[in-house]
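Structure file my_file-v7.tsv with TSV, C-alpha atoms and all ligand atoms:
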chain	number	residue	atom	x	y	z
W	279	MET	CA	0.00	0.00	0.00
W	280	PRO	CA	1.59	3.34	-0.99
W	281	SER	CA	2.25	5.94	1.69
W	282	ILE	CA	0.47	9.29	1.50
W	283	HIS	CA	3.99	10.77	1.36
W	284	ASP	CA	4.80	8.95	-1.89
W	285	LEU	CA	3.56	11.71	-4.16
W	286	ALA	CA	4.16	9.89	-7.45
W	287	ALA	CA	2.38	6.71	-6.30
W	288	ILE	CA	-0.61	8.67	-4.95
W	289	GLU	CA	-0.91	10.52	-8.25
W	290	LEU	CA	-1.22	7.18	-10.01
W	291	VAL	CA	-3.95	6.14	-7.56
W	292	ARG	CA	-5.78	9.43	-8.20
W	293	ARG	CA	-5.69	8.92	-11.96
W	294	ARG	CA	-6.93	5.39	-11.66
W	295	LEU	CA	-9.78	6.40	-9.34
W	296	LYS	CA	-10.48	9.39	-11.60
W	297	PHE	CA	-11.06	12.19	-9.13
W	298	ASP	CA	-10.04	15.80	-9.35
W	299	ARG	CA	-6.42	16.82	-8.64
W	300	TYR	CA	-7.73	19.79	-6.69
W	301	ARG	CA	-9.49	17.44	-4.25
W	302	LEU	CA	-6.25	15.59	-3.54
W	303	ARG	CA	-4.59	18.94	-2.87
W	304	GLN	CA	-7.35	19.71	-0.37
W	305	VAL	CA	-6.75	16.40	1.41
W	306	ARG	CA	-3.04	17.14	1.61
W	307	ASN	CA	-3.64	20.64	2.95
W	308	ALA	CA	-5.93	19.29	5.65
W	309	PHE	CA	-3.52	16.52	6.59
W	310	TYR	CA	-0.18	18.33	6.41
W	311	LYS	CA	-1.03	21.93	7.19
W	312	LYS	CA	-4.17	21.80	9.34
W	313	TYR	CA	-2.98	18.68	11.23
W	314	LEU	CA	-6.35	16.96	10.83
W	315	PRO	CA	-6.69	13.20	11.29
W	316	ALA	CA	-6.68	11.21	8.05
W	317	ALA	CA	-10.39	10.37	8.33
W	318	VAL	CA	-11.28	14.08	8.59
W	319	ALA	CA	-8.86	15.11	5.82
W	320	LEU	CA	-10.47	12.52	3.54
W	321	GLU	CA	-13.82	14.30	3.89
W	322	GLU	CA	-12.46	16.72	1.29
W	323	ILE	CA	-13.26	14.01	-1.26
W	324	ALA	CA	-16.79	12.85	-2.02
W	325	GLU	CA	-17.82	9.22	-1.99
W	326	PRO	CA	-17.14	6.73	-3.51
W	327	HIS	CA	-13.61	8.11	-4.02
W	328	ARG	CA	-13.14	8.77	-0.28
W	329	THR	CA	-13.57	5.14	0.71
W	330	ALA	CA	-11.54	3.96	-2.27
W	331	LEU	CA	-8.62	6.27	-1.43
W	332	ALA	CA	-8.74	5.37	2.27
W	333	ALA	CA	-8.49	1.69	1.36
W	334	GLU	CA	-5.51	2.23	-0.93
W	335	VAL	CA	-3.29	4.67	0.97
W	336	GLU	CA	-1.33	4.36	4.19
W	337	PHE	CA	-1.54	7.58	6.18
W	338	HIS	CA	0.59	6.50	9.16
W	339	ALA	CA	3.78	4.48	9.08
W	340	LEU	CA	3.98	4.33	12.89
W	341	THR	CA	1.61	3.55	15.75
W	342	LEU	CA	1.70	5.74	18.84
W	343	GLU	CA	2.55	3.36	21.69
W	344	SER	CA	2.55	5.75	24.63
W	345	ARG	CA	2.93	9.39	25.60
W	346	HIS	CA	4.85	10.66	28.62
W	347	ASP	CA	4.27	14.25	29.74
W	348	SER	CA	6.78	15.91	32.03
W	349	ARG	CA	5.29	17.29	35.23
W	350	ILE	CA	8.11	19.79	35.63
W	351	ASP	CA	8.42	21.40	32.21
W	352	GLY	CA	6.96	21.40	28.71
W	353	ALA	CA	8.49	18.19	27.42
W	354	THR	CA	6.51	15.23	26.10
W	355	LYS	CA	8.08	11.99	24.97
W	356	LEU	CA	6.23	9.98	22.36
W	357	ILE	CA	7.04	6.31	21.95
W	358	PHE	CA	6.15	4.92	18.53
W	359	ARG	CA	6.00	1.34	17.34
W	360	THR	CA	7.04	0.39	13.81
W	361	SER	CA	5.05	-2.19	11.84
W	362	ALA	CA	7.64	-4.78	12.89
W	363	GLY	CA	7.12	-3.95	16.59
W	364	LEU	CA	10.31	-1.94	17.12
W	365	LEU	CA	10.14	1.11	19.38
W	366	ILE	CA	11.47	4.59	18.68
W	367	GLU	CA	10.96	7.92	20.40
W	368	SER	CA	10.31	11.56	19.56
W	369	VAL	CA	10.34	14.48	21.98
W	370	ILE	CA	8.08	17.52	21.93
W	371	LEU	CA	9.70	20.53	23.59
W	372	ARG	CA	7.39	23.39	24.51
W	373	LEU	CA	9.77	26.28	25.02
W	374	THR	CA	9.15	29.24	27.32
W	375	THR	CA	9.21	31.48	24.21
W	376	GLY	CA	5.91	29.84	23.22
W	377	ARG	CA	7.56	28.00	20.35
W	378	THR	CA	7.47	24.26	19.91
W	379	THR	CA	10.30	22.04	18.76
W	380	LEU	CA	10.11	18.40	17.80
W	381	CYS	CA	13.10	16.09	18.08
W	382	VAL	CA	12.76	13.11	15.70
W	383	SER	CA	14.55	9.78	15.37
W	384	THR	CA	16.10	8.60	12.11
W	385	GLN	CA	17.08	5.04	13.08
W	386	VAL	CA	15.99	2.24	15.40
W	387	GLY	CA	19.03	2.26	17.69
W	388	CYS	CA	22.36	3.63	16.51
W	389	ALA	CA	25.66	2.28	15.25
W	390	ALA	CA	27.77	5.17	16.54
W	391	HIS	CA	28.06	3.70	20.07
W	392	CYS	CA	28.72	6.99	21.86
W	393	ASP	CA	29.63	6.05	25.41
W	394	PHE	CA	27.28	8.54	27.07
W	395	CYS	CA	24.15	7.64	25.08
W	396	ALA	CA	21.40	5.12	25.92
W	397	THR	CA	20.59	4.69	22.22
W	398	GLY	CA	24.23	4.05	21.44
W	399	LYS	CA	24.21	1.19	23.95
W	400	MET	CA	21.41	-0.58	22.01
W	401	GLY	CA	23.24	-1.17	18.77
W	402	ILE	CA	21.39	-0.72	15.51
W	403	ALA	CA	18.32	-2.54	14.21
W	404	ARG	CA	17.53	-0.62	11.06
W	405	ASN	CA	17.09	2.71	9.38
W	406	LEU	CA	13.72	4.44	9.45
W	407	SER	CA	12.03	5.21	6.13
W	408	ALA	CA	11.22	8.77	5.17
W	409	ALA	CA	7.54	7.98	5.84
W	410	GLU	CA	8.43	6.83	9.38
W	411	ILE	CA	10.55	9.93	9.96
W	412	VAL	CA	7.88	12.42	8.86
W	413	ASP	CA	5.05	10.49	10.54
W	414	GLN	CA	6.60	11.52	13.86
W	415	LEU	CA	5.85	15.13	12.86
W	416	VAL	CA	2.35	14.34	11.56
W	417	GLN	CA	1.35	12.63	14.81
W	418	ALA	CA	3.03	15.21	17.05
W	419	ASN	CA	1.16	18.00	15.27
W	420	GLN	CA	-2.13	16.14	15.57
W	421	LEU	CA	-1.60	15.89	19.35
W	422	LEU	CA	-0.49	19.50	19.63
W	423	ALA	CA	-3.55	20.74	17.70
W	424	ALA	CA	-5.59	20.15	20.89
W	425	GLU	CA	-3.37	22.78	22.57
W	426	SER	CA	-3.56	25.16	19.58
W	427	ARG	CA	0.13	24.58	19.04
W	428	SER	CA	2.16	23.23	16.15
W	429	VAL	CA	5.77	22.28	15.60
W	430	ARG	CA	7.84	25.25	14.50
W	431	ASN	CA	11.33	23.77	14.58
W	432	LEU	CA	12.26	20.21	13.78
W	433	VAL	CA	15.58	18.77	14.93
W	434	PHE	CA	17.05	15.47	13.78
W	435	MET	CA	18.51	14.79	17.19
W	436	GLY	CA	16.65	11.72	18.41
W	437	MET	CA	17.65	8.07	18.13
W	438	GLY	CA	20.22	7.40	15.43
W	439	GLU	CA	22.89	9.21	13.50
W	440	PRO	CA	21.00	11.01	10.70
W	441	PHE	CA	23.85	10.75	8.19
W	442	HIS	CA	24.00	6.98	8.66
W	443	ASN	CA	20.57	7.06	7.03
W	444	GLU	CA	21.38	9.74	4.49
W	445	GLU	CA	19.08	8.62	1.69
W	446	GLN	CA	15.92	8.57	3.82
W	447	LEU	CA	17.02	11.71	5.65
W	448	GLU	CA	17.20	13.51	2.31
W	449	ALA	CA	13.83	12.09	1.23
W	450	SER	CA	12.26	13.30	4.50
W	451	ILE	CA	13.74	16.79	4.06
W	452	GLN	CA	12.26	16.94	0.55
W	453	LEU	CA	8.82	16.19	2.03
W	454	LEU	CA	9.29	18.65	4.89
W	455	ILE	CA	10.10	21.59	2.62
W	456	ASP	CA	7.79	20.64	-0.27
W	457	PRO	CA	5.02	23.27	-0.65
W	458	ALA	CA	2.60	20.45	-1.50
W	459	CYS	CA	3.33	18.71	1.82
W	460	PHE	CA	4.58	20.21	5.10
W	461	HIS	CA	6.06	23.36	3.51
W	462	LEU	CA	8.44	24.03	6.43
W	463	ASN	CA	11.05	26.72	6.24
W	464	PRO	CA	14.39	24.90	5.78
W	465	ARG	CA	15.95	27.32	8.28
W	466	ARG	CA	13.83	25.62	10.93
W	467	LEU	CA	15.37	22.23	10.33
W	468	LEU	CA	18.47	21.21	12.23
W	469	ILE	CA	20.52	18.05	11.75
W	470	SER	CA	22.69	16.98	14.64
W	471	THR	CA	25.58	14.71	13.69
W	472	VAL	CA	28.52	13.05	15.37
W	473	GLY	CA	30.48	14.24	12.34
W	474	ILE	CA	30.42	12.39	9.01
W	475	PRO	CA	32.49	14.92	7.05
W	476	GLU	CA	31.53	14.11	3.45
W	477	ALA	CA	27.81	13.86	4.35
W	478	MET	CA	27.95	17.22	6.14
W	479	THR	CA	29.41	18.83	3.03
W	480	ARG	CA	26.84	17.17	0.76
W	481	MET	CA	24.01	18.41	2.96
W	482	ALA	CA	25.39	21.96	3.01
W	483	GLN	CA	25.62	21.87	-0.80
W	484	ARG	CA	22.08	20.56	-1.26
W	485	HIS	CA	20.43	22.60	1.48
W	486	PRO	CA	22.42	25.72	2.37
W	487	GLN	CA	19.67	26.86	4.72
W	488	VAL	CA	19.29	23.68	6.75
W	489	ARG	CA	21.28	24.06	9.93
W	490	LEU	CA	23.92	21.61	11.06
W	491	ALA	CA	25.03	20.87	14.61
W	492	LEU	CA	28.23	18.97	15.24
W	493	SER	CA	28.27	16.86	18.40
W	494	LEU	CA	31.90	17.51	19.20
W	495	HIS	CA	32.10	16.84	22.96
W	496	SER	CA	35.88	17.16	22.96
W	497	ALA	CA	38.48	18.96	20.88
W	498	ARG	CA	41.14	16.51	22.05
W	499	GLN	CA	41.45	13.47	19.82
W	500	ASP	CA	42.34	11.03	22.61
W	501	VAL	CA	39.37	12.12	24.75
W	502	ARG	CA	36.94	12.19	21.83
W	503	ARG	CA	38.00	8.73	20.72
W	504	GLN	CA	37.40	7.46	24.23
W	505	ILE	CA	33.78	8.68	24.40
W	506	MET	CA	32.90	8.56	20.67
W	507	PRO	CA	34.32	5.58	18.78
W	508	ILE	CA	33.48	7.26	15.46
W	509	ALA	CA	36.36	9.68	16.13
W	510	GLU	CA	38.72	6.87	15.16
W	511	ARG	CA	37.38	6.98	11.64
W	512	TYR	CA	37.00	10.75	11.37
W	513	PRO	CA	39.80	12.47	13.28
W	514	LEU	CA	39.37	16.01	14.52
W	515	GLU	CA	41.46	17.65	11.80
W	516	VAL	CA	39.25	16.06	9.09
W	517	LEU	CA	36.13	17.25	10.89
W	518	ARG	CA	37.55	20.75	11.19
W	519	GLN	CA	38.02	20.91	7.43
W	520	ALA	CA	34.37	19.86	7.04
W	521	LEU	CA	33.31	22.69	9.35
W	522	VAL	CA	35.24	25.17	7.20
W	523	GLU	CA	33.58	23.82	4.04
W	524	VAL	CA	30.10	23.84	5.59
W	525	PHE	CA	30.50	27.46	6.61
W	526	ALA	CA	31.80	28.39	3.13
W	527	LEU	CA	28.72	26.76	1.56
W	528	GLN	CA	26.09	27.95	4.04
W	529	GLY	CA	27.39	31.30	5.23
W	530	HIS	CA	25.85	30.91	8.67
W	531	GLU	CA	27.41	29.71	11.88
W	532	VAL	CA	27.61	26.01	12.64
W	533	MET	CA	26.35	24.77	15.99
W	534	ILE	CA	28.77	22.88	18.17
W	535	GLU	CA	27.22	20.60	20.79
W	536	TYR	CA	29.37	19.96	23.84
W	537	LEU	CA	28.24	17.65	26.62
W	538	LEU	CA	29.99	18.48	29.88
W	539	LEU	CA	31.30	15.31	31.56
W	540	ALA	CA	33.04	15.62	34.92
W	541	ASP	CA	36.80	15.04	34.71
W	542	VAL	CA	36.49	13.83	31.12
W	543	ASN	CA	36.17	16.95	28.97
W	544	ASP	CA	35.37	19.81	31.36
W	545	GLN	CA	38.75	21.10	32.50
W	546	SER	CA	40.46	24.34	31.59
W	547	ASP	CA	42.74	22.48	29.13
W	548	ASP	CA	39.65	21.11	27.39
W	549	ALA	CA	38.17	24.59	27.02
W	550	ALA	CA	41.51	25.85	25.67
W	551	ALA	CA	41.59	23.00	23.12
W	552	LEU	CA	38.04	23.88	22.04
W	553	ILE	CA	38.89	27.56	21.65
W	554	ASP	CA	41.87	26.64	19.51
W	555	TYR	CA	39.87	24.12	17.47
W	556	VAL	CA	37.15	26.54	16.34
W	557	ARG	CA	39.48	29.51	15.84
W	558	ASP	CA	38.41	31.51	12.75
W	559	ILE	CA	35.29	29.36	12.17
W	560	PRO	CA	31.99	31.10	13.00
W	561	VAL	CA	30.32	28.73	15.46
W	562	HIS	CA	27.80	28.81	18.26
W	563	ILE	CA	28.65	26.53	21.13
W	564	ASN	CA	25.90	24.81	23.10
W	565	LEU	CA	27.03	23.45	26.45
W	566	ILE	CA	24.77	20.59	27.46
W	567	PRO	CA	24.35	19.09	30.92
W	568	TYR	CA	24.64	15.32	30.97
W	569	ASN	CA	21.63	13.10	31.69
W	570	PRO	CA	23.13	10.08	33.49
W	571	ILE	CA	22.24	6.64	32.13
W	572	ALA	CA	22.47	3.34	33.98
W	573	GLU	CA	24.56	1.82	31.18
W	574	ALA	CA	27.41	4.30	31.75
W	575	PRO	CA	27.91	4.42	35.54
W	576	HIS	CA	31.48	5.68	35.02
W	577	LEU	CA	30.22	9.00	33.61
W	578	ARG	CA	28.97	11.96	35.65
W	579	GLY	CA	27.80	15.38	34.59
W	580	SER	CA	29.96	18.37	35.48
W	581	ASP	CA	28.77	20.32	38.50
W	582	ARG	CA	27.45	23.83	38.15
W	583	PRO	CA	30.65	25.73	39.14
W	584	ARG	CA	32.65	23.73	36.56
W	585	ARG	CA	30.02	24.35	33.87
W	586	GLU	CA	30.08	28.04	34.62
W	587	ALA	CA	33.87	28.19	34.61
W	588	PHE	CA	34.00	26.34	31.28
W	589	SER	CA	31.44	28.68	29.76
W	590	ALA	CA	33.23	31.77	31.11
W	591	GLN	CA	36.53	30.65	29.59
W	592	LEU	CA	34.93	30.25	26.16
W	593	LYS	CA	33.13	33.58	26.39
W	594	ALA	CA	36.34	35.34	27.44
W	595	ALA	CA	37.85	34.07	24.19
W	596	GLY	CA	35.02	35.77	22.29
W	597	LEU	CA	32.95	32.68	21.48
W	598	ALA	CA	29.15	32.63	21.33
W	599	VAL	CA	28.06	30.19	24.04
W	600	THR	CA	24.70	29.02	25.35
W	601	THR	CA	24.28	26.68	28.29
W	602	ARG	CA	21.30	24.48	27.52
W	603	TYR	CA	19.06	23.12	30.22
W	604	SER	CA	17.69	19.68	29.81
W	605	LEU	CA	13.91	19.36	29.59
W	606	GLY	CA	11.96	16.32	30.69
W	607	ALA	CA	14.26	15.16	33.51
W	608	ASP	CA	11.33	13.24	35.01
W	609	ILE	CA	10.53	11.37	31.78
W	610	ALA	CA	13.95	9.86	31.05
W	611	ALA	CA	15.38	12.84	29.19
W	612	ALA	CA	18.42	11.12	27.70
W	613	CYS	CA	18.02	10.00	24.09
W	614	GLY	CA	16.86	6.38	23.99
W	615	GLN	CA	16.45	6.08	27.76
W	616	LEU	CA	12.69	5.74	27.69
W	617	VAL	CA	12.72	3.22	24.85
W	618	ARG	CA	15.13	1.09	26.84
W	619	GLN	CA	12.82	1.28	29.86
W	620	GLU	CA	9.84	0.31	27.69
W	621	HIS	CA	11.79	-2.61	26.26
W	622	ARG	CA	12.47	-3.90	29.74
W	623	LYS	CA	8.82	-3.42	30.77
W	624	ASN	CA	7.43	-5.00	27.62
W	625	ALA	CA	10.00	-7.76	27.31
W	626	GLY	CA	8.24	-10.38	25.29
W	627	ALA	CA	5.46	-8.07	24.13
W	628	ALA	CA	7.61	-5.70	22.10
W	629	ARG	CA	10.53	-6.82	20.02
W	630	VAL	CA	13.72	-5.37	21.36
W	631	VAL	CA	16.34	-3.84	19.18
W	632	THR	CA	18.62	-6.43	17.68
W	633	LEU	CA	22.20	-5.79	18.66
W	634	LYS	CA	24.55	-5.84	15.74
W	635	SER	CA	28.20	-5.08	15.67
W	636	ASN	CA	28.03	-3.75	12.12
W	637	PRO	CA	26.18	-0.65	10.97
W	638	PRO	CA	23.57	-0.87	8.20
W	639	ALA	CA	24.79	-1.10	4.62
W	640	ASN	CA	24.57	2.59	3.89
W	641	VAL	CA	26.55	3.74	6.89
W	642	SER	CA	29.37	5.87	5.62
Y	701	LIG	S1	24.57	10.35	20.64
Y	701	LIG	FE1	23.53	10.19	18.67
Y	701	LIG	S2	25.09	9.35	17.31
Y	701	LIG	FE2	25.83	8.94	19.41
Y	701	LIG	S3	25.07	6.87	19.87
Y	701	LIG	FE3	23.51	8.36	20.60
Y	701	LIG	S4	22.06	8.51	18.94
Y	701	LIG	FE4	23.91	7.61	18.09

Would you mind writing the file's structure down as C-alpha cells?
Ligand code: SF4
Amino acid sequence: MPSIHDLAAIELVRRRLKFDRYRLRQVRNAFYKKYLPAAVALEEIAEPHRTALAAEVEFHALTLESRHDSRIDGATKLIFRTSAGLLIESVILRLTTGRTTLCVSTQVGCAAHCDFCATGKMGIARNLSAAEIVDQLVQANQLLAAESRSVRNLVFMGMGEPFHNEEQLEASIQLLIDPACFHLNPRRLLISTVGIPEAMTRMAQRHPQVRLALSLHSARQDVRRQIMPIAERYPLEVLRQALVEVFALQGHEVMIEYLLLADVNDQSDDAAALIDYVRDIPVHINLIPYNPIAEAPHLRGSDRPRREAFSAQLKAAGLAVTTRYSLGADIAAACGQLVRQEHRKNAGAARVVTLKSNPPANVS
C-alpha cells in the first residue's frame, strides 16, 4: 500500500480512481497543514472516491505506543512502534518562548556507540524510512492541535545518526520543505551529527539553509576517541576541514554541541583545546548538561561551578556560548532512555532492538 507521502504513487492512484487533482490537494492541505486526522482530511473528497482512497493509501507508518508528559516542564516523549514492533521515540519541547520544537529519530538504535548515550548502547536494528521519519511530525502536530500549538522547529537529534541514514534523511527533508506537503522553512530544520564529514558537506551543498550541529564533545582526539568511537574513523582535523567547508557553503554559523562530563572533557585544558579548534570558524557553542544513564555508571555530569567556569573561559575568548538546560528530567530525558525502559517493561510483548556489531549497509 503506498504511503500518503509517496507523491508519485498517490498521483497514479488518483488517476486510476479518476477524481479531481484539486481534491487531492485539499486532502493534503488538511492533513499536512491543518494537522487533521486522516479520516477528517479525507472528507475533502466525495464518496465513492473517499472510501476507495482510504483503502488504498497508508496515512501512518507508525503507531503511537505511549505518551509521557513531564510534570516539571513542557516536554513530552512519544514512543512509537514500527510495523515490525520496534520502538522509537520523539520528543516535543514546549519552550518558554511559546515556540514548539520536535526532536525526531532517524534510526531504530544507533551504530555510533557513543559512550554517554542510551541509544548508542542498544546497537542498531535498522534505518527508518522517510515515511516513518515524517510520521513523527504528523502525529506530534495532531496531538499539539488540541493545545492550539504546532511544531515550529524540527531537529534530527533523536535516536540514530541522521547521516547513517542519508538517503531517507534527504527524502524526508524533501517532504518537509515541499510546498505540497509540510512546507516548512528549511531554516527551521536542524541536523545533529557526530560528524560524518563528506555527508555534512553534501548536505550543506544541497540545502544551504538547513542548519547543522556537530556533536563535538571534545576537541582533544584522545578524549573524543574514548567517548565517541566514530572519532577513530574521522579524526578532529578532518572534521575541522568539514566545518570550514560547511561554513563556506552555508554562510551561517555552525552549531557545536558539547556535553559536559566531569573530569572527562570539562577542565580548563579542554576549554583551551576547544577555543583553539574553532578559531576563525563562525560557530555557536551549546554546552549541554549530561543526563546520566544506567549503562554508563562511570560518567557523571559536570557540576554547576565547573560548567560556569567552562562557559566563562569560552566567552572570554570571544565565542558565542549558550548553556542548555535539559527538559523532561522526570521522563527519562536522555536520548533512547525511555525506549530502553519500555523494552524492559514490555520484554516479550515488544521486540527489542537487535544488537549488531556492524552498521547498516549505507553507513558511511
Ligand atoms: S549520541 Fe547520537 S550518534 Fe551517538 S550513539 Fe547516541 S544517537 Fe547515536

Legend entry - Coordinates-based distance that separates atom CA of Gln452 of chain W from atom CA of Ala332 of chain W (Å, one decimal): 24.0 Å

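Minimum distance to ligand LIG 701 (chain Y) across W:His327, W:Lys296, W:His283, W:Lys399 (counting only C-alpha atoms and all ligand atoms) occurs at W:Lys399.
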
Around ligand LIG 701 (chain Y), fit a box with edges along x, y and z, padding it by 3 Å on each side, then list its centre and edge lengths in Å to one decimal as AutoDock Vina command-line options.
--center_x 23.9 --center_y 8.6 --center_z 19.0 --size_x 9.8 --size_y 9.5 --size_z 9.3

Inset, instruction - Name each residue within 7 Å of ligand LIG 701 (chain Y), counting all atoms listed in the file, as a list of chain:residue names. - result: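 The distance check yields W:Cys388, W:Ala389, W:Ala390, W:His391, W:Cys392, W:Cys395, W:Ala396, W:Thr397, W:Gly398, W:Met435, W:Gly436, W:Met437, W:Gly438, W:Glu439, W:Thr471, W:Val472, W:Cys613.
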
Legend entry - atom CA of Leu577 of chain W to atom CA of Phe358 of chain W, straight-line distance in Å: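 About the pair atom CA of Phe358 of chain W and atom CA of Leu577 of chain W: they are 28.7 Å apart.
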
Inset, instruction - Determine, counting all atoms listed in the file, which protein, DNA and RNA residues have an atom within 10 Å of an atom of Leu490 of chain W; residues of the same chain fewer than 4 positions away are not included. Present the result as a VMD selection string. - result: chain W and resid 433 to 434 467 to 471 473 478 481 to 482 486 521 524 to 525 528 530 to 534

Can you save segment 325-351 of chain W of the given block to a file, including C-alpha atoms and formatted as a short mmCIF file (atom, residue, chain, number, x, y, z; two decimals), in the first residue's frame?
data_model
loop_
_atom_site.label_atom_id
_atom_site.label_comp_id
_atom_site.auth_asym_id
_atom_site.auth_seq_id
_atom_site.Cartn_x
_atom_site.Cartn_y
_atom_site.Cartn_z
CA GLU W 325 -17.82 9.22 -1.99
CA PRO W 326 -17.14 6.73 -3.51
CA HIS W 327 -13.61 8.11 -4.02
CA ARG W 328 -13.14 8.77 -0.28
CA THR W 329 -13.57 5.14 0.71
CA ALA W 330 -11.54 3.96 -2.27
CA LEU W 331 -8.62 6.27 -1.43
CA ALA W 332 -8.74 5.37 2.27
CA ALA W 333 -8.49 1.69 1.36
CA GLU W 334 -5.51 2.23 -0.93
CA VAL W 335 -3.29 4.67 0.97
CA GLU W 336 -1.33 4.36 4.19
CA PHE W 337 -1.54 7.58 6.18
CA HIS W 338 0.59 6.50 9.16
CA ALA W 339 3.78 4.48 9.08
CA LEU W 340 3.98 4.33 12.89
CA THR W 341 1.61 3.55 15.75
CA LEU W 342 1.70 5.74 18.84
CA GLU W 343 2.55 3.36 21.69
CA SER W 344 2.55 5.75 24.63
CA ARG W 345 2.93 9.39 25.60
CA HIS W 346 4.85 10.66 28.62
CA ASP W 347 4.27 14.25 29.74
CA SER W 348 6.78 15.91 32.03
CA ARG W 349 5.29 17.29 35.23
CA ILE W 350 8.11 19.79 35.63
CA ASP W 351 8.42 21.40 32.21
#
